[in-house]
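Source file: model.txt. Holds: compact mmCIF, C-alpha atoms.
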# COMPACT_ATOMS: atom_id res chain seq x y z
CA MET A 1 -137.29 98.51 176.75
CA SER A 2 -138.09 100.69 173.83
CA ALA A 3 -141.88 100.49 174.34
CA ALA A 4 -141.63 101.44 178.00
CA PHE A 5 -139.19 104.17 177.17
CA ASN A 6 -141.42 105.52 174.44
CA THR A 7 -144.44 105.99 176.68
CA ARG A 8 -142.59 107.69 179.54
CA PRO A 9 -143.50 111.33 180.17
CA GLY A 10 -141.21 113.55 178.21
CA SER A 11 -140.30 110.91 175.65
CA VAL A 12 -140.74 111.61 171.96
CA ARG A 13 -144.01 109.68 171.84
CA MET A 14 -145.52 111.49 174.84
CA ARG A 15 -144.34 114.84 173.59
CA SER A 16 -145.89 114.33 170.19
CA HIS A 17 -149.32 113.64 171.74
CA ALA A 18 -149.00 116.57 174.12
CA HIS A 19 -148.21 118.70 171.12
CA GLU A 20 -151.35 117.60 169.26
CA ALA A 21 -153.57 118.25 172.27
CA GLY A 22 -151.80 121.57 172.89
CA ALA A 23 -152.39 122.81 169.34
CA GLU A 24 -156.08 121.89 169.55
CA VAL A 25 -156.45 123.71 172.86
CA TRP A 26 -154.83 126.81 171.36
CA TRP A 27 -157.09 126.78 168.29
CA TRP A 28 -160.17 126.44 170.52
CA GLY A 29 -158.93 129.29 172.74
CA LEU A 30 -158.29 131.54 169.75
CA PHE A 31 -161.67 130.49 168.33
CA ALA A 32 -163.41 131.60 171.53
CA ALA A 33 -161.59 134.94 171.54
CA GLY A 34 -162.24 135.52 167.84
CA GLY A 35 -165.88 134.47 168.14
CA MET A 36 -166.46 136.97 170.94
CA ILE A 37 -164.58 139.82 169.24
CA SER A 38 -166.33 139.29 165.91
CA ALA A 39 -169.72 138.93 167.64
CA LEU A 40 -169.29 142.30 169.38
CA VAL A 41 -167.65 144.32 166.58
CA ALA A 42 -168.51 142.83 163.15
CA PRO A 43 -172.24 143.72 162.90
CA VAL A 44 -171.77 147.45 163.45
CA LEU A 45 -168.83 147.59 161.01
CA MET A 46 -170.84 145.65 158.40
CA LEU A 47 -173.81 147.94 158.92
CA LEU A 48 -171.78 151.13 158.49
CA GLN A 49 -169.38 149.98 155.75
CA GLY A 50 -171.56 147.69 153.67
CA VAL A 51 -175.18 148.78 154.13
CA ALA A 52 -175.65 152.27 155.67
CA GLY A 53 -172.93 153.94 153.57
CA PRO A 54 -174.00 152.55 150.19
CA VAL A 55 -177.69 153.42 150.78
CA GLY A 56 -176.87 157.07 151.45
CA VAL A 57 -175.87 157.59 155.11
CA PRO A 58 -172.79 159.88 155.03
CA THR A 59 -170.43 157.51 156.86
CA ALA A 60 -166.68 158.16 156.90
CA ALA A 61 -166.06 155.08 154.74
CA MET A 62 -167.88 156.64 151.77
CA ARG A 63 -165.35 159.47 151.28
CA HIS A 64 -161.66 159.12 150.70
CA ASP A 65 -160.52 162.14 152.72
CA ARG A 66 -162.58 161.16 155.76
CA MET A 67 -161.63 157.47 155.60
CA ARG A 68 -157.98 158.45 155.29
CA ARG A 69 -158.24 160.42 158.52
CA VAL A 70 -160.03 157.56 160.29
CA VAL A 71 -157.59 154.81 159.33
CA GLY A 72 -154.68 157.25 159.69
CA ASN A 73 -155.05 156.77 163.44
CA PRO A 74 -152.49 154.09 164.39
CA LEU A 75 -154.49 152.95 167.43
CA LEU A 76 -157.58 152.36 165.33
CA ARG A 77 -155.49 150.51 162.75
CA LEU A 78 -154.08 148.31 165.49
CA ALA A 79 -157.60 147.60 166.78
CA LEU A 80 -158.77 146.75 163.25
CA LEU A 81 -155.77 144.48 162.81
CA ALA A 82 -156.50 142.62 166.05
CA PHE A 83 -160.16 142.33 165.08
CA SER A 84 -159.24 140.98 161.64
CA VAL A 85 -156.65 138.47 162.86
CA PHE A 86 -158.87 137.03 165.60
CA SER A 87 -161.88 136.93 163.28
CA PHE A 88 -159.93 135.12 160.56
CA ILE A 89 -158.75 132.49 163.05
CA TYR A 90 -162.27 132.09 164.42
CA SER A 91 -163.57 131.74 160.87
CA GLY A 92 -160.91 129.16 159.93
CA HIS A 93 -161.58 127.01 162.98
CA ARG A 94 -165.36 127.17 162.65
CA THR A 95 -165.19 126.41 158.93
CA ARG A 96 -163.00 123.39 159.66
CA ARG A 97 -165.62 122.09 162.09
CA TYR A 98 -168.39 122.98 159.61
CA LEU A 99 -167.08 121.02 156.62
CA PRO A 100 -168.18 117.56 157.94
CA ASP A 101 -171.75 118.91 158.15
CA LEU A 102 -171.52 119.80 154.48
CA GLY A 103 -170.54 116.24 153.65
CA ILE A 104 -166.79 116.77 153.44
CA ARG A 105 -165.65 113.97 155.74
CA THR A 106 -162.02 113.22 155.36
CA LYS A 107 -159.48 111.96 157.86
CA SER A 108 -156.72 113.73 156.03
CA PRO A 109 -155.07 116.64 157.85
CA ILE A 110 -155.17 118.61 154.61
CA VAL A 111 -158.57 120.11 155.58
CA SER A 112 -157.17 121.58 158.80
CA GLN A 113 -154.08 122.73 156.98
CA ILE A 114 -156.13 124.55 154.34
CA CYS A 115 -158.50 126.15 156.89
CA TYR A 116 -155.82 127.31 159.31
CA GLY A 117 -153.47 128.19 156.46
CA LEU A 118 -156.09 130.47 154.87
CA ALA A 119 -156.81 132.02 158.28
CA ILE A 120 -153.12 132.79 158.78
CA LEU A 121 -152.87 134.19 155.23
CA GLY A 122 -155.89 136.40 155.99
CA GLY A 123 -154.17 137.68 159.13
CA LEU A 124 -151.00 138.42 157.13
CA ARG A 125 -153.08 140.25 154.51
CA ALA A 126 -154.61 142.38 157.29
CA ALA A 127 -151.15 143.19 158.67
CA MET A 128 -149.95 144.15 155.18
CA VAL A 129 -152.95 146.42 154.54
CA MET A 130 -152.66 148.16 157.91
CA ALA A 131 -148.92 148.67 157.49
CA ARG A 132 -149.31 150.27 154.04
CA VAL A 133 -152.12 152.71 154.92
CA PRO A 134 -150.76 156.27 154.71
CA GLY A 135 -150.63 158.29 157.94
CA LYS A 136 -152.74 161.31 158.79
CA GLN A 137 -152.83 164.15 156.28
CA LYS A 138 -151.02 167.28 157.40
CA MET B 1 -148.70 96.31 171.10
CA ASN B 2 -148.72 99.83 169.75
CA GLU B 3 -151.08 98.74 167.00
CA LEU B 4 -153.49 97.31 169.60
CA LEU B 5 -153.31 100.52 171.64
CA ARG B 6 -153.98 102.54 168.53
CA ARG B 7 -157.07 100.52 167.69
CA THR B 8 -158.58 100.40 171.15
CA SER B 9 -157.90 103.90 172.47
CA SER B 10 -160.77 106.11 173.55
CA PRO B 11 -163.52 106.92 171.03
CA SER B 12 -162.57 110.58 170.91
CA GLY B 13 -158.85 109.90 170.74
CA PRO B 14 -156.70 109.52 167.67
CA GLY B 15 -157.30 105.74 167.63
CA ARG B 16 -160.85 106.10 166.33
CA ALA B 17 -159.86 108.21 163.39
CA ALA B 18 -157.22 105.68 162.39
CA HIS B 19 -159.45 102.64 162.74
CA PRO B 20 -160.07 101.23 159.28
CA LYS B 21 -163.51 99.87 160.20
CA ALA B 22 -164.73 102.86 162.22
CA TYR B 23 -168.44 103.30 161.66
CA GLN B 24 -169.37 106.48 159.90
CA ARG B 25 -173.00 107.27 159.50
CA ARG B 26 -173.87 108.55 156.05
CA PHE B 27 -176.01 111.67 155.83
CA PRO B 28 -177.86 113.03 152.82
CA LEU B 29 -176.25 116.28 151.68
CA LEU B 30 -179.32 118.34 152.63
CA TRP B 31 -179.84 116.61 156.00
CA TRP B 32 -180.42 119.99 157.62
CA ASN B 33 -183.23 120.92 155.25
CA GLY B 34 -186.66 120.39 156.79
CA ASN B 35 -185.91 120.98 160.45
CA PRO B 36 -185.77 124.74 161.24
CA ARG B 37 -183.31 124.15 164.11
CA TYR B 38 -180.85 122.40 161.82
CA THR B 39 -181.30 125.07 159.14
CA VAL B 40 -180.55 127.86 161.62
CA TYR B 41 -177.54 125.86 162.84
CA MET B 42 -176.20 125.56 159.29
CA LEU B 43 -176.78 129.27 158.62
CA ARG B 44 -174.99 130.15 161.85
CA GLU B 45 -172.01 128.02 160.91
CA ALA B 46 -172.04 129.51 157.40
CA SER B 47 -171.71 132.97 158.96
CA SER B 48 -168.06 132.16 159.69
CA VAL B 49 -167.37 131.77 155.95
CA THR B 50 -169.20 134.94 154.94
CA LEU B 51 -167.44 136.82 157.75
CA ALA B 52 -164.07 135.94 156.21
CA VAL B 53 -165.26 137.08 152.76
CA TRP B 54 -166.51 140.37 154.21
CA LEU B 55 -163.21 140.86 156.09
CA LEU B 56 -161.35 140.56 152.78
CA LEU B 57 -163.75 143.10 151.27
CA MET B 58 -163.21 145.51 154.17
CA LEU B 59 -159.43 145.10 153.94
CA ARG B 60 -159.64 145.79 150.20
CA GLN B 61 -161.56 148.99 150.89
CA ILE B 62 -158.97 150.14 153.43
CA ASP B 63 -156.20 149.23 150.99
CA HIS B 64 -157.83 151.53 148.40
CA VAL B 65 -157.20 154.51 150.71
CA ARG B 66 -153.54 154.54 149.64
CA LYS B 67 -154.46 154.28 145.96
CA GLY B 68 -155.94 157.78 145.87
CA PRO B 69 -159.36 159.45 145.82
CA GLU B 70 -160.38 158.28 142.31
CA ALA B 71 -159.67 154.60 142.94
CA TYR B 72 -161.38 154.84 146.32
CA ALA B 73 -164.48 156.50 144.86
CA ALA B 74 -164.68 153.82 142.15
CA PHE B 75 -164.48 151.09 144.79
CA VAL B 76 -167.16 152.72 146.95
CA ASN B 77 -169.41 153.09 143.88
CA ARG B 78 -169.12 149.37 143.25
CA LEU B 79 -170.42 148.77 146.80
CA ARG B 80 -173.61 150.60 145.76
CA SER B 81 -174.40 147.97 143.12
CA PRO B 82 -177.39 145.72 143.89
CA PHE B 83 -175.14 142.65 144.06
CA TRP B 84 -172.81 144.00 146.74
CA LEU B 85 -175.68 145.62 148.61
CA ALA B 86 -177.57 142.30 148.71
CA PHE B 87 -174.35 140.50 149.73
CA ASN B 88 -173.72 142.95 152.55
CA ILE B 89 -177.31 142.85 153.81
CA ALA B 90 -177.25 139.01 153.84
CA ASN B 91 -173.86 139.14 155.53
CA LEU B 92 -175.15 141.54 158.16
CA GLY B 93 -178.08 139.21 158.87
CA LEU B 94 -175.74 136.25 159.32
CA ALA B 95 -173.41 138.31 161.54
CA VAL B 96 -176.32 139.32 163.78
CA LEU B 97 -177.36 135.65 163.95
CA HIS B 98 -173.80 134.76 165.01
CA THR B 99 -173.79 137.51 167.64
CA TYR B 100 -177.20 136.54 169.01
CA THR B 101 -176.40 132.82 169.26
CA TRP B 102 -172.86 133.41 170.54
CA LEU B 103 -173.87 135.79 173.32
CA SER B 104 -176.88 133.65 174.29
CA LEU B 105 -174.70 130.57 174.58
CA THR B 106 -171.95 132.46 176.43
CA ALA B 107 -174.52 133.54 179.03
CA GLN B 108 -175.26 129.88 179.70
CA VAL B 109 -171.74 128.45 179.74
CA LEU B 110 -169.68 131.32 181.20
CA PRO B 111 -167.69 129.86 184.10
CA PHE B 112 -167.77 131.64 187.45
CA PRO B 113 -165.32 131.14 190.29
CA PRO B 114 -166.72 128.76 192.90
CA GLY B 115 -167.72 130.36 196.18
CA LEU B 116 -168.95 133.57 194.59
CA PRO B 117 -172.68 134.08 194.11
CA ARG B 118 -173.54 133.04 190.58
CA PRO B 119 -175.68 135.55 188.70
CA LYS B 120 -178.78 134.34 186.92
CA THR B 121 -178.41 133.44 183.24
CA GLU B 122 -180.79 136.29 182.32
CA GLN B 123 -178.56 138.78 184.14
CA VAL B 124 -175.46 137.60 182.27
CA HIS B 125 -177.54 137.69 179.09
CA ARG B 126 -178.53 141.32 179.69
CA GLY B 127 -174.95 142.24 180.57
CA LEU B 128 -173.53 140.72 177.39
CA PHE B 129 -176.15 142.32 175.14
CA GLY B 130 -175.62 145.63 176.94
CA ALA B 131 -171.89 145.31 176.27
CA TRP B 132 -172.66 144.63 172.60
CA ALA B 133 -174.77 147.82 172.40
CA LEU B 134 -172.07 149.89 174.13
CA ILE B 135 -169.25 148.52 171.96
CA SER B 136 -171.31 149.03 168.79
CA PHE B 137 -171.93 152.64 169.81
CA ALA B 138 -168.23 153.24 170.57
CA VAL B 139 -167.10 151.63 167.29
CA SER B 140 -169.62 153.61 165.26
CA ILE B 141 -168.33 157.01 166.45
CA PRO B 142 -165.11 157.13 164.34
CA PHE B 143 -166.79 155.48 161.34
CA LEU B 144 -169.80 157.84 161.46
CA PHE B 145 -168.16 161.12 162.44
CA GLY B 146 -164.44 160.58 161.68
CA GLY B 147 -163.01 163.41 159.57
CA PHE B 148 -166.40 165.11 159.46
CA ALA B 149 -165.34 168.46 160.99
CA ARG B 150 -162.28 168.73 158.77
CA SER B 151 -164.18 167.88 155.57
CA ARG B 152 -166.77 170.57 156.43
CA ARG B 153 -164.05 173.14 157.11
CA LYS B 154 -162.49 172.38 153.73
CA SER B 155 -165.73 172.77 151.74
Would it be possible to restate this file's structure as structure tokens?
Amino acid sequence: MSAAFNTRPGSVRMRSHAHEAGAEVWWWGLFAAGGMISALVAPVLMLLQGVAGPVGVPTAAMRHDRMRRVVGNPLLRLALLAFSVFSFIYSGHRTRRYLPDLGIRTKSPIVSQICYGLAILGGLRAAMVMARVPGKQK
Amino acid sequence: MNELLRRTSSPSGPGRAAHPKAYQRRFPLLWWNGNPRYTVYMLREASSVTLAVWLLLMLRQIDHVRKGPEAYAAFVNRLRSPFWLAFNIANLGLAVLHTYTWLSLTAQVLPFPPGLPRPKTEQVHRGLFGAWALISFAVSIPFLFGGFARSRRKS
């Protein structure tokens, strides 16, 4: 009786499998969203913040007063937060799938937990940074 | 019975992972070295790791805004060092590789509702890369010109 009961839809056993599949589907969905957002936005931000500015192009990120005005805009901060959170999740999921190619082949769930855990921590860090940025100068 | 089910469930299901005798092919660590396709694949996958590192760097820079002009200037000066410049250039290259491969693949696998005329892959390709150019232009405006007028007025 217990075996039949356990495999019925809605039973604990069925629910636990549905939960596993559901989580995987969500991670893949977030991965797709994050992959697209980072593909469209990351290169131009990297170019302006990390390469063009340091080699002498007068971008806003190279001066404190200008950068403060740029990130003082709450809408832009919100957009940067969304970009960061989705990109971190994309990065976590892709890294998790990448590790077996690097020779790290373990059946333990600890790898997923570390990858997704770091991605969530990255998202929290982004939220903290965006919340603490001072508003526009008067 | 449950044990039997666990051992004989589908290859992609949880049964395979739990099977004690599941065959796992062993690869040399540098299996991707020697075939350019595999090397590009590994670089593309590595771009996800460097993206996360760069995101942390960008967040750190934004966090320095609240620490005042001196701390911010010191941080920006560090970005001018050859190490960080090389890191950012390499990172940019990997990000462009990710964008190129991602958009190219999306053009091939993007689902369209049945019944509607399906555009050619090249058309979707052009549309996606056009969207990338437009979005890059829009994103660059605040980061290129933001606060420019005010800083000129002040000086």
| task | Determine which residues of chain A sit within 7 Å of chain B, taking into account all atoms listed in the file, and present them as a count of residues only. | result | 33
| said: I need the residue nearest Gln113 (chain A) from this list: A:His93, A:Val85, A:Met67, A:Arg132. Use all atoms listed in the file for the distance. | reply: A:His93
I want to know what sits within 9 Å of Phe31 (chain A), based on all atoms listed in the file, with residues of the same chain fewer than 5 positions away left out; could you give that as an mmCIF file with C-alpha atoms, in the coordinates of the input?
data_model
loop_
_atom_site.group_PDB
_atom_site.id
_atom_site.type_symbol
_atom_site.label_atom_id
_atom_site.label_comp_id
_atom_site.auth_asym_id
_atom_site.auth_seq_id
_atom_site.Cartn_x
_atom_site.Cartn_y
_atom_site.Cartn_z
ATOM 1 C CA TRP A 26 -154.830 126.810 171.360
ATOM 2 C CA MET A 36 -166.460 136.970 170.940
ATOM 3 C CA PHE A 86 -158.870 137.030 165.600
ATOM 4 C CA SER A 87 -161.880 136.930 163.280
ATOM 5 C CA ILE A 89 -158.750 132.490 163.050
ATOM 6 C CA TYR A 90 -162.270 132.090 164.420
ATOM 7 C CA SER A 91 -163.570 131.740 160.870
ATOM 8 C CA GLY A 92 -160.910 129.160 159.930
ATOM 9 C CA HIS A 93 -161.580 127.010 162.980
ATOM 10 C CA ARG A 94 -165.360 127.170 162.650
#
| Hey, can you check how far CA of Ala32 (chain A) sits from CA of Arg25 (chain B)? | 28.8 Å
| What gap, in Å, lies between CA of Leu105 (chain B) and CA of Ala79 (chain A)? | 25.4 Å
| What is the distance between CA of Ala74 (chain B) and CA of Gly53 (chain A), in Å to one decimal? | 14.1 Å
